[in-house]
$ cat target_15.csv   # CSV, C-alpha atoms and all ligand atoms
chain,number,residue,atom,x,y,z
Z,5,MET,CA,8.6,11.6,6.4
Z,6,LYS,CA,7.8,15.0,7.9
Z,7,SER,CA,5.7,15.4,11.1
Z,8,LEU,CA,2.3,13.9,11.2
Z,9,ILE,CA,-0.8,14.6,13.4
Z,10,GLN,CA,-1.0,12.1,16.3
Z,11,THR,CA,-4.6,11.1,16.8
Z,12,ASP,CA,-6.4,8.9,19.2
Z,13,PHE,CA,-9.0,6.6,17.7
Z,14,LEU,CA,-10.9,3.8,19.6
Z,15,GLY,CA,-7.9,3.2,21.9
Z,16,TYR,CA,-5.3,3.3,19.1
Z,17,LYS,CA,-2.6,6.0,18.8
Z,18,LEU,CA,-2.6,6.8,15.1
Z,19,ARG,CA,0.2,8.7,13.5
Z,20,SER,CA,-2.3,10.6,11.4
Z,21,PRO,CA,-6.1,11.0,11.1
Z,22,LEU,CA,-6.0,10.3,7.3
Z,23,VAL,CA,-7.4,7.0,6.1
Z,24,LEU,CA,-7.0,5.3,2.7
Z,25,VAL,CA,-10.6,4.4,1.9
Z,26,SER,CA,-11.7,1.0,0.6
Z,27,GLY,CA,-11.4,0.0,-3.0
Z,28,VAL,CA,-9.7,2.9,-4.7
Z,29,TYR,CA,-6.3,1.1,-4.4
Z,30,THR,CA,-6.3,-2.6,-3.5
Z,31,GLN,CA,-2.8,-4.1,-3.7
Z,32,THR,CA,-0.3,-4.5,-0.8
Z,33,SER,CA,2.2,-2.3,-2.7
Z,34,ASP,CA,-0.4,0.4,-2.8
Z,35,PHE,CA,-1.0,0.1,0.9
Z,36,LEU,CA,2.7,0.5,1.5
Z,37,ASN,CA,2.7,3.6,-0.6
Z,38,ALA,CA,-0.2,5.0,1.5
Z,39,GLN,CA,1.7,4.3,4.7
Z,40,ASN,CA,4.9,5.9,3.4
Z,41,SER,CA,2.9,8.9,2.2
Z,42,GLY,CA,1.4,9.7,5.6
Z,43,ALA,CA,-1.9,7.7,5.9
Z,44,GLY,CA,-2.6,6.7,9.5
Z,45,VAL,CA,-4.8,3.8,8.6
Z,46,ILE,CA,-5.5,1.9,5.4
Z,47,THR,CA,-8.7,0.0,4.4
Z,48,THR,CA,-8.7,-3.2,2.3
Z,49,LYS,CA,-11.0,-3.7,-0.7
Z,50,SER,CA,-14.3,-5.1,0.4
Z,51,PHE,CA,-14.1,-8.8,0.4
Z,52,THR,CA,-17.0,-11.1,-0.2
Z,53,TYR,CA,-17.2,-14.8,0.8
Z,54,PHE,CA,-16.9,-16.1,-2.8
Z,55,PRO,CA,-14.7,-14.5,-5.5
Z,56,ARG,CA,-16.5,-12.0,-7.7
Z,57,GLN,CA,-15.8,-11.1,-11.3
Z,58,GLY,CA,-17.3,-7.6,-10.9
Z,59,HIS,CA,-18.8,-5.7,-13.8
Z,60,PRO,CA,-17.6,-5.4,-17.5
Z,61,ALA,CA,-14.9,-2.8,-18.4
Z,62,PRO,CA,-14.7,0.1,-18.3
Z,63,VAL,CA,-15.4,0.2,-14.6
Z,64,VAL,CA,-14.1,3.7,-13.8
Z,65,ALA,CA,-14.8,6.9,-15.7
Z,66,LYS,CA,-13.6,10.4,-14.9
Z,67,TYR,CA,-15.5,13.6,-15.5
Z,68,LYS,CA,-14.8,17.2,-14.6
Z,69,GLU,CA,-16.2,17.0,-11.1
Z,70,GLY,CA,-15.4,13.5,-10.1
Z,71,PHE,CA,-15.5,9.8,-11.0
Z,72,LEU,CA,-18.1,7.1,-11.6
Z,73,ASN,CA,-17.2,3.5,-10.7
Z,74,SER,CA,-18.9,0.2,-11.3
Z,75,VAL,CA,-16.2,-2.1,-10.1
Z,76,GLY,CA,-19.0,-4.2,-8.6
Z,77,LEU,CA,-17.0,-5.6,-5.8
Z,78,ARG,CA,-14.5,-7.5,-7.9
Z,79,ASN,CA,-12.4,-9.5,-5.4
Z,80,ALA,CA,-10.8,-12.8,-5.0
Z,81,GLY,CA,-13.0,-14.0,-2.1
Z,82,ILE,CA,-12.2,-14.8,1.5
Z,83,ALA,CA,-9.5,-17.4,0.9
Z,84,GLU,CA,-7.3,-14.9,-1.0
Z,85,ALA,CA,-8.3,-12.1,1.3
Z,86,LYS,CA,-6.8,-14.1,4.2
Z,87,LYS,CA,-3.5,-14.4,2.3
Z,88,GLN,CA,-3.4,-10.6,1.8
Z,89,ILE,CA,-4.3,-9.9,5.4
Z,90,ARG,CA,-1.4,-12.1,6.7
Z,91,GLU,CA,0.9,-10.2,4.3
Z,92,LEU,CA,-0.3,-6.8,5.5
Z,93,LYS,CA,0.1,-7.9,9.1
Z,94,SER,CA,3.8,-8.6,8.4
Z,95,LYS,CA,4.5,-5.6,6.2
Z,96,LEU,CA,2.5,-2.7,7.5
Z,97,ASN,CA,3.3,-0.8,10.7
Z,98,ILE,CA,0.0,1.1,10.8
Z,99,PRO,CA,-3.3,-0.5,11.6
Z,100,PHE,CA,-5.7,-1.5,8.9
Z,101,LEU,CA,-9.5,-1.9,8.4
Z,102,ILE,CA,-10.6,-5.1,6.8
Z,103,SER,CA,-13.6,-4.3,4.7
Z,104,ILE,CA,-16.2,-7.0,4.1
Z,105,PHE,CA,-19.4,-7.1,2.1
Z,106,ASP,CA,-22.2,-9.5,1.7
Z,107,THR,CA,-25.8,-9.6,0.9
Z,108,ASN,CA,-27.2,-11.2,4.0
Z,109,ILE,CA,-26.5,-11.6,7.7
Z,110,LYS,CA,-25.5,-15.2,7.5
Z,111,ASN,CA,-22.7,-14.5,5.0
Z,112,PHE,CA,-21.5,-11.5,7.0
Z,113,ALA,CA,-21.3,-13.8,10.0
Z,114,GLN,CA,-19.3,-16.4,8.0
Z,115,LEU,CA,-16.9,-13.8,6.9
Z,116,VAL,CA,-16.2,-12.6,10.4
Z,117,LEU,CA,-15.8,-16.2,11.7
Z,118,HIS,CA,-13.1,-16.7,9.0
Z,119,LEU,CA,-11.3,-13.5,10.0
Z,120,LEU,CA,-11.3,-14.1,13.8
Z,121,PRO,CA,-8.2,-16.3,13.8
Z,122,LEU,CA,-6.3,-13.5,12.1
Z,123,GLU,CA,-7.0,-11.2,15.1
Z,124,PRO,CA,-7.9,-8.1,13.1
Z,125,ASP,CA,-7.9,-4.7,14.8
Z,126,PHE,CA,-10.8,-3.3,12.8
Z,127,ILE,CA,-13.5,-4.8,10.6
Z,128,GLU,CA,-15.5,-2.4,8.4
Z,129,LEU,CA,-18.9,-3.6,7.4
Z,130,ASN,CA,-19.7,-2.3,3.9
Z,131,LEU,CA,-23.5,-2.0,4.3
Z,132,SER,CA,-23.6,0.4,1.5
Z,133,CYS,CA,-22.4,-0.6,-2.0
Z,134,PRO,CA,-24.6,1.0,-4.6
Z,135,ASN,CA,-23.3,-0.8,-7.6
Z,136,VAL,CA,-24.8,-4.2,-7.1
Z,137,ASP,CA,-28.5,-3.5,-6.4
Z,138,ASP,CA,-29.6,-5.4,-9.4
Z,139,GLU,CA,-27.9,-8.5,-8.2
Z,140,PHE,CA,-28.4,-8.2,-4.5
Z,141,GLY,CA,-31.3,-5.9,-3.8
Z,142,LYS,CA,-31.0,-2.7,-1.8
Z,143,PRO,CA,-27.9,-2.2,0.4
Z,144,LEU,CA,-28.4,-3.3,4.0
Z,145,ALA,CA,-27.9,0.2,5.3
Z,146,THR,CA,-30.9,1.6,3.5
Z,147,GLN,CA,-33.0,0.3,6.3
Z,148,THR,CA,-32.4,0.8,10.0
Z,149,ASP,CA,-33.6,-2.7,10.9
Z,150,SER,CA,-31.3,-4.6,8.6
Z,151,ALA,CA,-28.3,-2.4,9.5
Z,152,PHE,CA,-29.1,-3.1,13.2
Z,153,GLU,CA,-29.3,-6.8,12.7
Z,154,VAL,CA,-26.0,-7.1,10.7
Z,155,VAL,CA,-24.0,-5.0,13.3
Z,156,LYS,CA,-25.6,-6.9,16.2
Z,157,THR,CA,-24.8,-10.3,14.8
Z,158,VAL,CA,-21.2,-9.4,13.9
Z,159,LYS,CA,-20.6,-7.8,17.3
Z,160,LYS,CA,-21.8,-11.0,19.0
Z,161,ILE,CA,-19.3,-13.1,17.0
Z,162,ALA,CA,-16.3,-10.7,17.1
Z,163,ASP,CA,-14.3,-10.6,20.2
Z,164,ASP,CA,-14.7,-7.3,22.0
Z,165,LYS,CA,-11.1,-6.5,21.0
Z,166,ILE,CA,-12.1,-6.2,17.3
Z,167,LYS,CA,-13.6,-2.8,16.6
Z,168,ILE,CA,-16.6,-2.9,14.3
Z,169,ILE,CA,-17.1,0.0,11.9
Z,170,ALA,CA,-20.4,0.4,9.9
Z,171,LYS,CA,-19.9,2.0,6.5
Z,172,LEU,CA,-23.1,3.8,5.4
Z,173,THR,CA,-24.6,4.9,2.1
Z,174,PRO,CA,-25.7,8.5,1.6
Z,175,ASN,CA,-28.6,7.2,-0.6
Z,176,VAL,CA,-31.2,7.2,2.2
Z,177,ASN,CA,-33.7,9.7,3.6
Z,178,ASP,CA,-32.2,9.8,7.1
Z,179,ILE,CA,-28.6,8.7,7.4
Z,180,GLY,CA,-28.6,9.9,11.0
Z,181,MET,CA,-31.2,7.4,12.0
Z,182,VAL,CA,-29.3,4.5,10.3
Z,183,ALA,CA,-26.1,5.5,12.1
Z,184,LYS,CA,-28.0,5.6,15.4
Z,185,SER,CA,-29.4,2.2,14.8
Z,186,CYS,CA,-25.8,0.9,14.1
Z,187,GLU,CA,-24.6,2.5,17.3
Z,188,ARG,CA,-27.5,0.9,19.3
Z,189,ALA,CA,-26.5,-2.5,17.8
Z,190,GLY,CA,-22.9,-2.0,19.2
Z,191,ALA,CA,-20.9,-0.5,16.3
Z,192,ASP,CA,-17.7,1.1,17.6
Z,193,ALA,CA,-17.6,3.7,14.8
Z,194,ILE,CA,-19.4,4.8,11.6
Z,195,ALA,CA,-17.8,5.4,8.2
Z,196,ALA,CA,-19.6,7.6,5.8
Z,197,ILE,CA,-20.1,8.0,2.9
Z,198,ASN,CA,-19.9,5.4,0.2
Z,199,THR,CA,-20.4,6.6,-3.3
Z,200,VAL,CA,-23.5,8.6,-4.3
Z,201,GLY,CA,-26.1,7.7,-6.9
Z,202,PRO,CA,-25.7,5.6,-9.0
Z,203,GLY,CA,-25.0,8.0,-11.8
Z,204,MET,CA,-24.4,7.8,-15.6
Z,205,LEU,CA,-22.2,9.4,-18.2
Z,206,ILE,CA,-22.9,9.1,-22.0
Z,207,ASP,CA,-20.3,9.0,-24.8
Z,208,ILE,CA,-21.9,11.2,-27.5
Z,209,LYS,CA,-19.8,9.6,-30.2
Z,210,SER,CA,-20.8,6.0,-29.5
Z,211,LYS,CA,-24.2,7.2,-28.2
Z,212,LYS,CA,-23.8,4.7,-25.3
Z,213,PRO,CA,-23.3,4.9,-21.5
Z,214,VAL,CA,-19.5,5.2,-20.8
Z,215,LEU,CA,-19.4,2.4,-18.2
Z,216,GLY,CA,-19.6,-1.2,-19.1
Z,217,ASN,CA,-22.3,-1.5,-16.4
Z,218,ARG,CA,-24.0,1.7,-17.8
Z,219,GLN,CA,-24.2,3.2,-14.3
Z,220,GLY,CA,-21.9,3.6,-11.3
Z,221,GLY,CA,-21.4,5.2,-7.9
Z,222,VAL,CA,-20.2,8.8,-8.0
Z,223,SER,CA,-17.1,9.9,-5.9
Z,224,GLY,CA,-14.6,12.7,-5.8
Z,225,PRO,CA,-15.1,16.5,-5.5
Z,226,ALA,CA,-18.7,16.5,-6.7
Z,227,ILE,CA,-19.9,14.6,-3.6
Z,228,LYS,CA,-18.2,16.6,-0.9
Z,229,PRO,CA,-21.2,18.7,0.0
Z,230,MET,CA,-23.3,15.5,0.4
Z,231,ALA,CA,-20.6,13.9,2.4
Z,232,LEU,CA,-20.3,16.9,4.8
Z,233,ARG,CA,-24.0,17.0,5.3
Z,234,CYS,CA,-24.2,13.3,6.0
Z,235,VAL,CA,-21.3,13.4,8.5
Z,236,TYR,CA,-22.9,16.5,10.1
Z,237,ASP,CA,-26.2,14.6,10.5
Z,238,ILE,CA,-24.5,11.5,11.9
Z,239,PHE,CA,-22.6,13.6,14.4
Z,240,GLU,CA,-25.9,15.0,15.7
Z,241,ASN,CA,-27.2,11.5,16.2
Z,242,VAL,CA,-24.4,9.3,17.6
Z,243,SER,CA,-21.6,9.6,20.2
Z,244,ILE,CA,-19.3,7.0,18.6
Z,245,PRO,CA,-16.5,8.4,16.3
Z,246,ILE,CA,-17.0,8.9,12.6
Z,247,ILE,CA,-14.6,8.3,9.7
Z,248,GLY,CA,-15.7,11.0,7.3
Z,249,MET,CA,-15.1,10.6,3.5
Z,250,GLY,CA,-16.3,11.8,0.2
Z,251,GLY,CA,-14.6,14.2,-2.1
Z,252,VAL,CA,-11.8,15.2,0.3
Z,253,CYS,CA,-9.0,16.5,-1.9
Z,254,ASN,CA,-7.1,19.1,0.1
Z,255,THR,CA,-6.5,20.6,3.5
Z,256,ASN,CA,-9.6,22.8,3.4
Z,257,ASP,CA,-11.8,19.8,2.6
Z,258,ALA,CA,-10.3,17.8,5.5
Z,259,ILE,CA,-10.8,20.6,8.0
Z,260,GLU,CA,-14.4,20.9,6.9
Z,261,MET,CA,-14.8,17.2,7.5
Z,262,LEU,CA,-13.4,17.5,11.0
Z,263,MET,CA,-15.6,20.4,11.7
Z,264,ALA,CA,-18.7,18.5,10.5
Z,265,GLY,CA,-17.9,15.9,13.1
Z,266,ALA,CA,-15.4,13.3,11.6
Z,267,SER,CA,-12.6,12.0,13.9
Z,268,LEU,CA,-10.7,10.5,10.9
Z,269,ILE,CA,-10.8,11.6,7.3
Z,270,GLY,CA,-10.9,9.2,4.4
Z,271,VAL,CA,-9.2,10.0,1.1
Z,272,GLY,CA,-10.0,8.1,-2.0
Z,273,SER,CA,-10.6,9.6,-5.4
Z,274,ALA,CA,-8.2,12.5,-4.7
Z,275,LEU,CA,-5.4,9.9,-5.1
Z,276,TYR,CA,-6.4,9.4,-8.7
Z,277,LEU,CA,-6.3,13.2,-9.2
Z,278,ASN,CA,-3.2,14.2,-7.3
Z,279,GLY,CA,-1.3,11.0,-6.4
Z,280,TRP,CA,0.1,9.8,-3.1
Z,281,LYS,CA,1.5,13.2,-2.1
Z,282,VAL,CA,-2.0,14.2,-1.1
Z,283,PHE,CA,-1.6,12.5,2.3
Z,284,GLN,CA,1.5,14.5,3.2
Z,285,GLU,CA,0.0,17.7,1.8
Z,286,ILE,CA,-3.1,17.4,3.9
Z,287,ASN,CA,-1.1,16.4,7.0
Z,288,ASP,CA,1.1,19.5,6.6
Z,289,GLY,CA,-1.9,21.7,5.9
Z,290,ILE,CA,-3.8,20.6,9.0
Z,291,LEU,CA,-0.8,21.0,11.2
Z,292,LYS,CA,-0.3,24.5,9.9
Z,293,TYR,CA,-4.0,25.3,10.4
Z,294,LEU,CA,-3.9,24.0,14.0
Z,295,SER,CA,-0.7,25.9,15.0
Z,296,GLU,CA,-1.9,29.2,13.3
Z,297,ASN,CA,-5.3,28.9,15.2
Z,298,GLY,CA,-4.0,27.9,18.6
Z,299,TYR,CA,-5.2,24.3,18.6
Z,300,GLY,CA,-3.2,21.4,20.0
Z,301,SER,CA,-4.6,18.5,17.9
Z,302,SER,CA,-7.1,17.7,15.3
Z,303,ASN,CA,-9.3,16.3,18.1
Z,304,ASP,CA,-9.8,20.0,19.2
Z,305,ILE,CA,-11.7,20.9,16.0
Z,306,ILE,CA,-14.0,17.9,15.7
Z,307,GLY,CA,-17.6,19.0,15.4
Z,308,LEU,CA,-16.9,22.7,15.7
Z,309,ALA,CA,-19.4,23.5,13.0
Z,310,HIS,CA,-22.3,22.4,15.3
Z,401,LIG,C1,-12.9,2.6,-7.8
Z,401,LIG,C2,-13.6,2.6,-6.5
Z,401,LIG,C3,-13.8,1.4,-5.8
Z,401,LIG,C4,-14.4,1.4,-4.6
Z,401,LIG,N1,-14.6,0.2,-3.9
Z,401,LIG,C5,-15.2,0.2,-2.6
Z,401,LIG,C6,-15.2,-1.0,-1.9
Z,401,LIG,O1,-14.8,-2.1,-2.3
Z,401,LIG,N2,-15.8,-0.9,-0.7
Z,401,LIG,C7,-16.3,0.2,-0.1
Z,401,LIG,O2,-16.8,0.2,1.0
Z,401,LIG,N3,-16.2,1.4,-0.8
Z,401,LIG,C8,-15.6,1.4,-2.0
Z,401,LIG,N4,-15.5,2.6,-2.7
Z,401,LIG,C9,-16.0,3.8,-2.1
Z,401,LIG,C10,-14.9,4.6,-1.4
Z,401,LIG,O3,-14.3,3.8,-0.3
Z,401,LIG,C11,-15.4,5.9,-0.8
Z,401,LIG,O4,-16.4,5.7,0.2
Z,401,LIG,C12,-16.0,6.9,-1.9
Z,401,LIG,O5,-15.2,6.8,-3.1
Z,401,LIG,C13,-16.0,8.3,-1.4
Z,401,LIG,O6,-14.7,8.8,-1.2
Z,401,LIG,P1,-13.8,9.7,-2.3
Z,401,LIG,O7,-14.8,10.7,-2.8
Z,401,LIG,O8,-12.7,10.2,-1.5
Z,401,LIG,O9,-13.4,8.7,-3.3
Z,401,LIG,C14,-14.9,2.6,-4.0
Z,401,LIG,C15,-14.7,3.8,-4.7
Z,401,LIG,C16,-14.0,3.8,-5.9
Z,401,LIG,C17,-13.8,5.2,-6.6

$ encode --input "target_15.csv" --output "C-alpha cells"
Amino acid sequence: MKSLIQTDFLGYKLRSPLVLVSGVYTQTSDFLNAQNSGAGVITTKSFTYFPRQGHPAPVVAKYKEGFLNSVGLRNAGIAEAKKQIRELKSKLNIPFLISIFDTNIKNFAQLVLHLLPLEPDFIELNLSCPNVDDEFGKPLATQTDSAFEVVKTVKKIADDKIKIIAKLTPNVNDIGMVAKSCERAGADAIAAINTVGPGMLIDIKSKKPVLGNRQGGVSGPAIKPMALRCVYDIFENVSIPIIGMGGVCNTNDAIEMLMAGASLIGVGSALYLNGWKVFQEINDGILKYLSENGYGSSNDIIGLAH
C-alpha cells in the first residue's frame, strides 16, 4: 500500500478521505478489497428491519454516462445484518458506517436499538432511497419535518459516542434546507447524494424498459454536476461535515467534491467502471495535487469553491 491522505473526521483519524458508498458492493470480502485498495471508510448496504427481496432482475443497467439501479433495498434484515457487522468488526481495521433504512420513525428507532449493543462508530440514516416510492411513499428526506423527526429520534436513542450521518436525496427543491433541518436535529454529518431520478432506459429490440422494475436511480458520471451543486448548497447551509458522493470517478472529480465542501468523498459506480484500483489512483492523484499546490492536507481545500 502506497501513502494515503490522513484525514480527521468527527474525531476519527482516517487513513484516507475516500469512502466506499452504500450498496454498490455489499459482501465482507468486497469491504476487505476496498480497505486494501485505499478506502478510509466503508459503508454497509442499507439494512431494513425485515428481510427484503428487492425488485425483479435485471436490477442494474449500464449506459454511456452512468448506471440505473432498482435493487430496491434487497437485504437480509437486521438479524443477518448483525452477523455481518460482528464479522466486519473482527476483520476490518478501518471504521465503517452502518447504513439503515426504513419507512417510518418507529422502525428507524427499532433498528438503532438493535445496533446499540454492537457499539457502532457511525450509523448512516438512508433518508433517501428513490427506488421504493411506490411501496413506501416519498423518501423521508424530501421533507424537512420528517427528516428532522427521524434524526432527532435516533440521536436520542443513540449514545453520544455513535455518530449519526443523514444521507439525503437530490430529488428535492432545496437540499440545503433539508440538511439544515438534519443538523438542527443533531446529525453529526450529512452524506449526499443518493441516486438521481428515477430514470428509465428502453431496449428497442424488446420494446420494453430495461430494468425489471422499469425505473431506477441514476448514478455514475452523469450525476456529478448535480452532486457537486447539492454538496455546494449543503456547505452553504450547515457547519457539520459532508460526505460528498455522486459520479466521482477520478482525481479531478474528487478535488471538485472537496472544493464544493465535502470533507470525505464517496466512490460507488466508478468501481463498476474501473475496479478497486480507483481508490489508490484517487489517493495518489490528490496527494500529487496537494504537494504541487502547496497544501498540507485535503482539509486545506475543503470548500475553496465558495
Ligand atoms: C447498485 C446500487 C445500490 C445502491 N444501494 C444503496 C443503498 O442500499 N443505500 C444507499 O444509501 N445508497 C445506495 N446506493 C446509492 C449510492 O450509495 C450512491 O449514493 C450513489 O450511487 C451515487 O454515487 P456514485 O455515482 O459514485 O455511484 C446504491 C447505488 C447503486 C449503484

$ residues_around --input "target_15.csv" --residues "Z:Met263" --least-positions-apart "3" --cutoff "9 Å" --atoms "only C-alpha atoms" --output "PyMOL selection string"
chain Z and resi 236+258-260+266+305-310

$ closest_atom_pairs --input "target_15.csv" --of "chain Z" --to "ligand LIG 401 (chain Z)" --cutoff "7 Å" --atoms "only C-alpha atoms and all ligand atoms" --output "tab-separated table"
residue	atom	partner	partner_atom	distance
Z:Val25	CA	Z:LIG401	O3	4.3
Z:Ser26	CA	Z:LIG401	O3	3.9
Z:Gly27	CA	Z:LIG401	N1	3.3
Z:Val28	CA	Z:LIG401	C2	4.3
Z:Lys49	CA	Z:LIG401	O1	4.4
Z:Ser50	CA	Z:LIG401	O1	4.1
Z:Val64	CA	Z:LIG401	C1	6.2
Z:Phe71	CA	Z:LIG401	C17	6.6
Z:Leu72	CA	Z:LIG401	C17	6.9
Z:Asn73	CA	Z:LIG401	C1	5.3
Z:Val75	CA	Z:LIG401	C3	6.0
Z:Leu77	CA	Z:LIG401	O1	5.4
Z:Ser103	CA	Z:LIG401	O2	6.6
Z:Asn130	CA	Z:LIG401	O2	4.8
Z:Ser132	CA	Z:LIG401	O2	6.8
Z:Cys133	CA	Z:LIG401	O2	6.4
Z:Lys171	CA	Z:LIG401	O2	6.6
Z:Ala196	CA	Z:LIG401	O4	6.7
Z:Ile197	CA	Z:LIG401	O4	5.1
Z:Asn198	CA	Z:LIG401	O4	3.5
Z:Thr199	CA	Z:LIG401	C12	4.6
Z:Ser223	CA	Z:LIG401	O7	3.9
Z:Gly224	CA	Z:LIG401	O7	3.6
Z:Pro225	CA	Z:LIG401	O7	6.4
Z:Ile227	CA	Z:LIG401	O7	6.5
Z:Met249	CA	Z:LIG401	O6	5.0
Z:Gly250	CA	Z:LIG401	O7	3.5
Z:Gly251	CA	Z:LIG401	O7	3.6
Z:Val252	CA	Z:LIG401	O8	5.4
Z:Gly270	CA	Z:LIG401	O8	6.2
Z:Val271	CA	Z:LIG401	O8	4.4
Z:Gly272	CA	Z:LIG401	O8	3.5
Z:Ser273	CA	Z:LIG401	O9	3.6
Z:Ala274	CA	Z:LIG401	O8	6.0

$ closest_residue --input "target_15.csv" --among "Z:Lys167, Z:Ser150, Z:Pro213, Z:Val158" --to "Z:Ala183" --atoms "all atoms listed in the file"
Z:Ser150

$ atom_distance --input "target_15.csv" --atom1 "atom CA of Z:Ile244" --atom2 "atom CA of Z:Ala264"
14.1 Å

$ residues_around --input "target_15.csv" --residues "Z:Leu24" --least-positions-apart "3" --cutoff "10 Å" --atoms "all atoms listed in the file" --output "list in words"
Gly27, Val28, Tyr29, Asp34, Phe35, Ala38, Gln39, Gly42, Ala43, Gly44, Val45, Ile46, Thr47, Thr48, Phe100, Leu101, Met249, Ile269, Gly270, Val271, Gly272, Ser273, Leu275 and Phe283 of chain Z

$ write_last_selection --input "target_15.csv" --atoms "C-alpha atoms" --output "PDB file, keeping the file's coordinate frame"
ATOM      1  CA  GLY Z  27     -11.400   0.000  -3.000  1.00  0.00           C
ATOM      2  CA  VAL Z  28      -9.700   2.900  -4.700  1.00  0.00           C
ATOM      3  CA  TYR Z  29      -6.300   1.100  -4.400  1.00  0.00           C
ATOM      4  CA  ASP Z  34      -0.400   0.400  -2.800  1.00  0.00           C
ATOM      5  CA  PHE Z  35      -1.000   0.100   0.900  1.00  0.00           C
ATOM      6  CA  ALA Z  38      -0.200   5.000   1.500  1.00  0.00           C
ATOM      7  CA  GLN Z  39       1.700   4.300   4.700  1.00  0.00           C
ATOM      8  CA  GLY Z  42       1.400   9.700   5.600  1.00  0.00           C
ATOM      9  CA  ALA Z  43      -1.900   7.700   5.900  1.00  0.00           C
ATOM     10  CA  GLY Z  44      -2.600   6.700   9.500  1.00  0.00           C
ATOM     11  CA  VAL Z  45      -4.800   3.800   8.600  1.00  0.00           C
ATOM     12  CA  ILE Z  46      -5.500   1.900   5.400  1.00  0.00           C
ATOM     13  CA  THR Z  47      -8.700   0.000   4.400  1.00  0.00           C
ATOM     14  CA  THR Z  48      -8.700  -3.200   2.300  1.00  0.00           C
ATOM     15  CA  PHE Z 100      -5.700  -1.500   8.900  1.00  0.00           C
ATOM     16  CA  LEU Z 101      -9.500  -1.900   8.400  1.00  0.00           C
ATOM     17  CA  MET Z 249     -15.100  10.600   3.500  1.00  0.00           C
ATOM     18  CA  ILE Z 269     -10.800  11.600   7.300  1.00  0.00           C
ATOM     19  CA  GLY Z 270     -10.900   9.200   4.400  1.00  0.00           C
ATOM     20  CA  VAL Z 271      -9.200  10.000   1.100  1.00  0.00           C
ATOM     21  CA  GLY Z 272     -10.000   8.100  -2.000  1.00  0.00           C
ATOM     22  CA  SER Z 273     -10.600   9.600  -5.400  1.00  0.00           C
ATOM     23  CA  LEU Z 275      -5.400   9.900  -5.100  1.00  0.00           C
ATOM     24  CA  PHE Z 283      -1.600  12.500   2.300  1.00  0.00           C
TER      25      PHE Z 283
END

$ atom_distance --input "target_15.csv" --atom1 "atom CA of Z:Ile194" --atom2 "atom CA of Z:Pro121"
24.0 Å

$ closest_residue --input "target_15.csv" --among "Z:Ala83, Z:Met261, Z:Ala191, Z:Val63" --to "Z:Ile247" --atoms "all atoms listed in the file"
Z:Met261

$ atom_distance --input "target_15.csv" --atom1 "atom CA of Z:Pro62" --atom2 "atom CA of Z:Gly220"
10.6 Å

$ residues_around --input "target_15.csv" --residues "Z:Ile238" --least-positions-apart "2" --cutoff "10 Å" --atoms "all atoms listed in the file" --output "PyMOL selection string"
chain Z and resi 178-184+194-196+232-236+240-246+248+264-266

$ closest_residue --input "target_15.csv" --among "Z:Leu268, Z:Val176, Z:Leu92, Z:Ile169" --to "Z:Ala189" --atoms "all atoms listed in the file"
Z:Ile169

$ closest_residue --input "target_15.csv" --among "Z:Pro21, Z:Pro174, Z:Pro60, Z:Pro124" --to "Z:Lys86" --atoms "all atoms listed in the file"
Z:Pro124

$ residues_around --input "target_15.csv" --residues "Z:Glu153" --least-positions-apart "2" --cutoff "12 Å" --atoms "all atoms listed in the file" --output "list of chain:residue names"
Z:Asn108, Z:Ile109, Z:Lys110, Z:Phe112, Z:Ala113, Z:Leu131, Z:Leu144, Z:Ala145, Z:Gln147, Z:Thr148, Z:Asp149, Z:Ser150, Z:Ala151, Z:Val155, Z:Lys156, Z:Thr157, Z:Val158, Z:Lys159, Z:Lys160, Z:Ala170, Z:Val182, Z:Ser185, Z:Cys186, Z:Glu187, Z:Arg188, Z:Ala189, Z:Gly190, Z:Ala191

$ closest_residue --input "target_15.csv" --among "Z:Leu36, Z:Ala65, Z:Leu122, Z:Leu14" --to "Z:Gly203" --atoms "only C-alpha atoms"
Z:Ala65

$ closest_residue --input "target_15.csv" --among "Z:Glu91, Z:Asp164, Z:Glu296, Z:Asp106" --to "Z:Phe126" --atoms "only C-alpha atoms"
Z:Asp164

$ residues_near_point --input "target_15.csv" --point "(-20.2, -3.6, -15.4)" --cutoff "8 Å" --atoms "all atoms listed in the file" --output "ChimeraX atom specification"
/Z:58-63,74-76,215-219

$ residues_around --input "target_15.csv" --residues "Z:Pro55" --least-positions-apart "3" --cutoff "7 Å" --atoms "all atoms listed in the file" --output "ChimeraX atom specification"
/Z:52,79-81
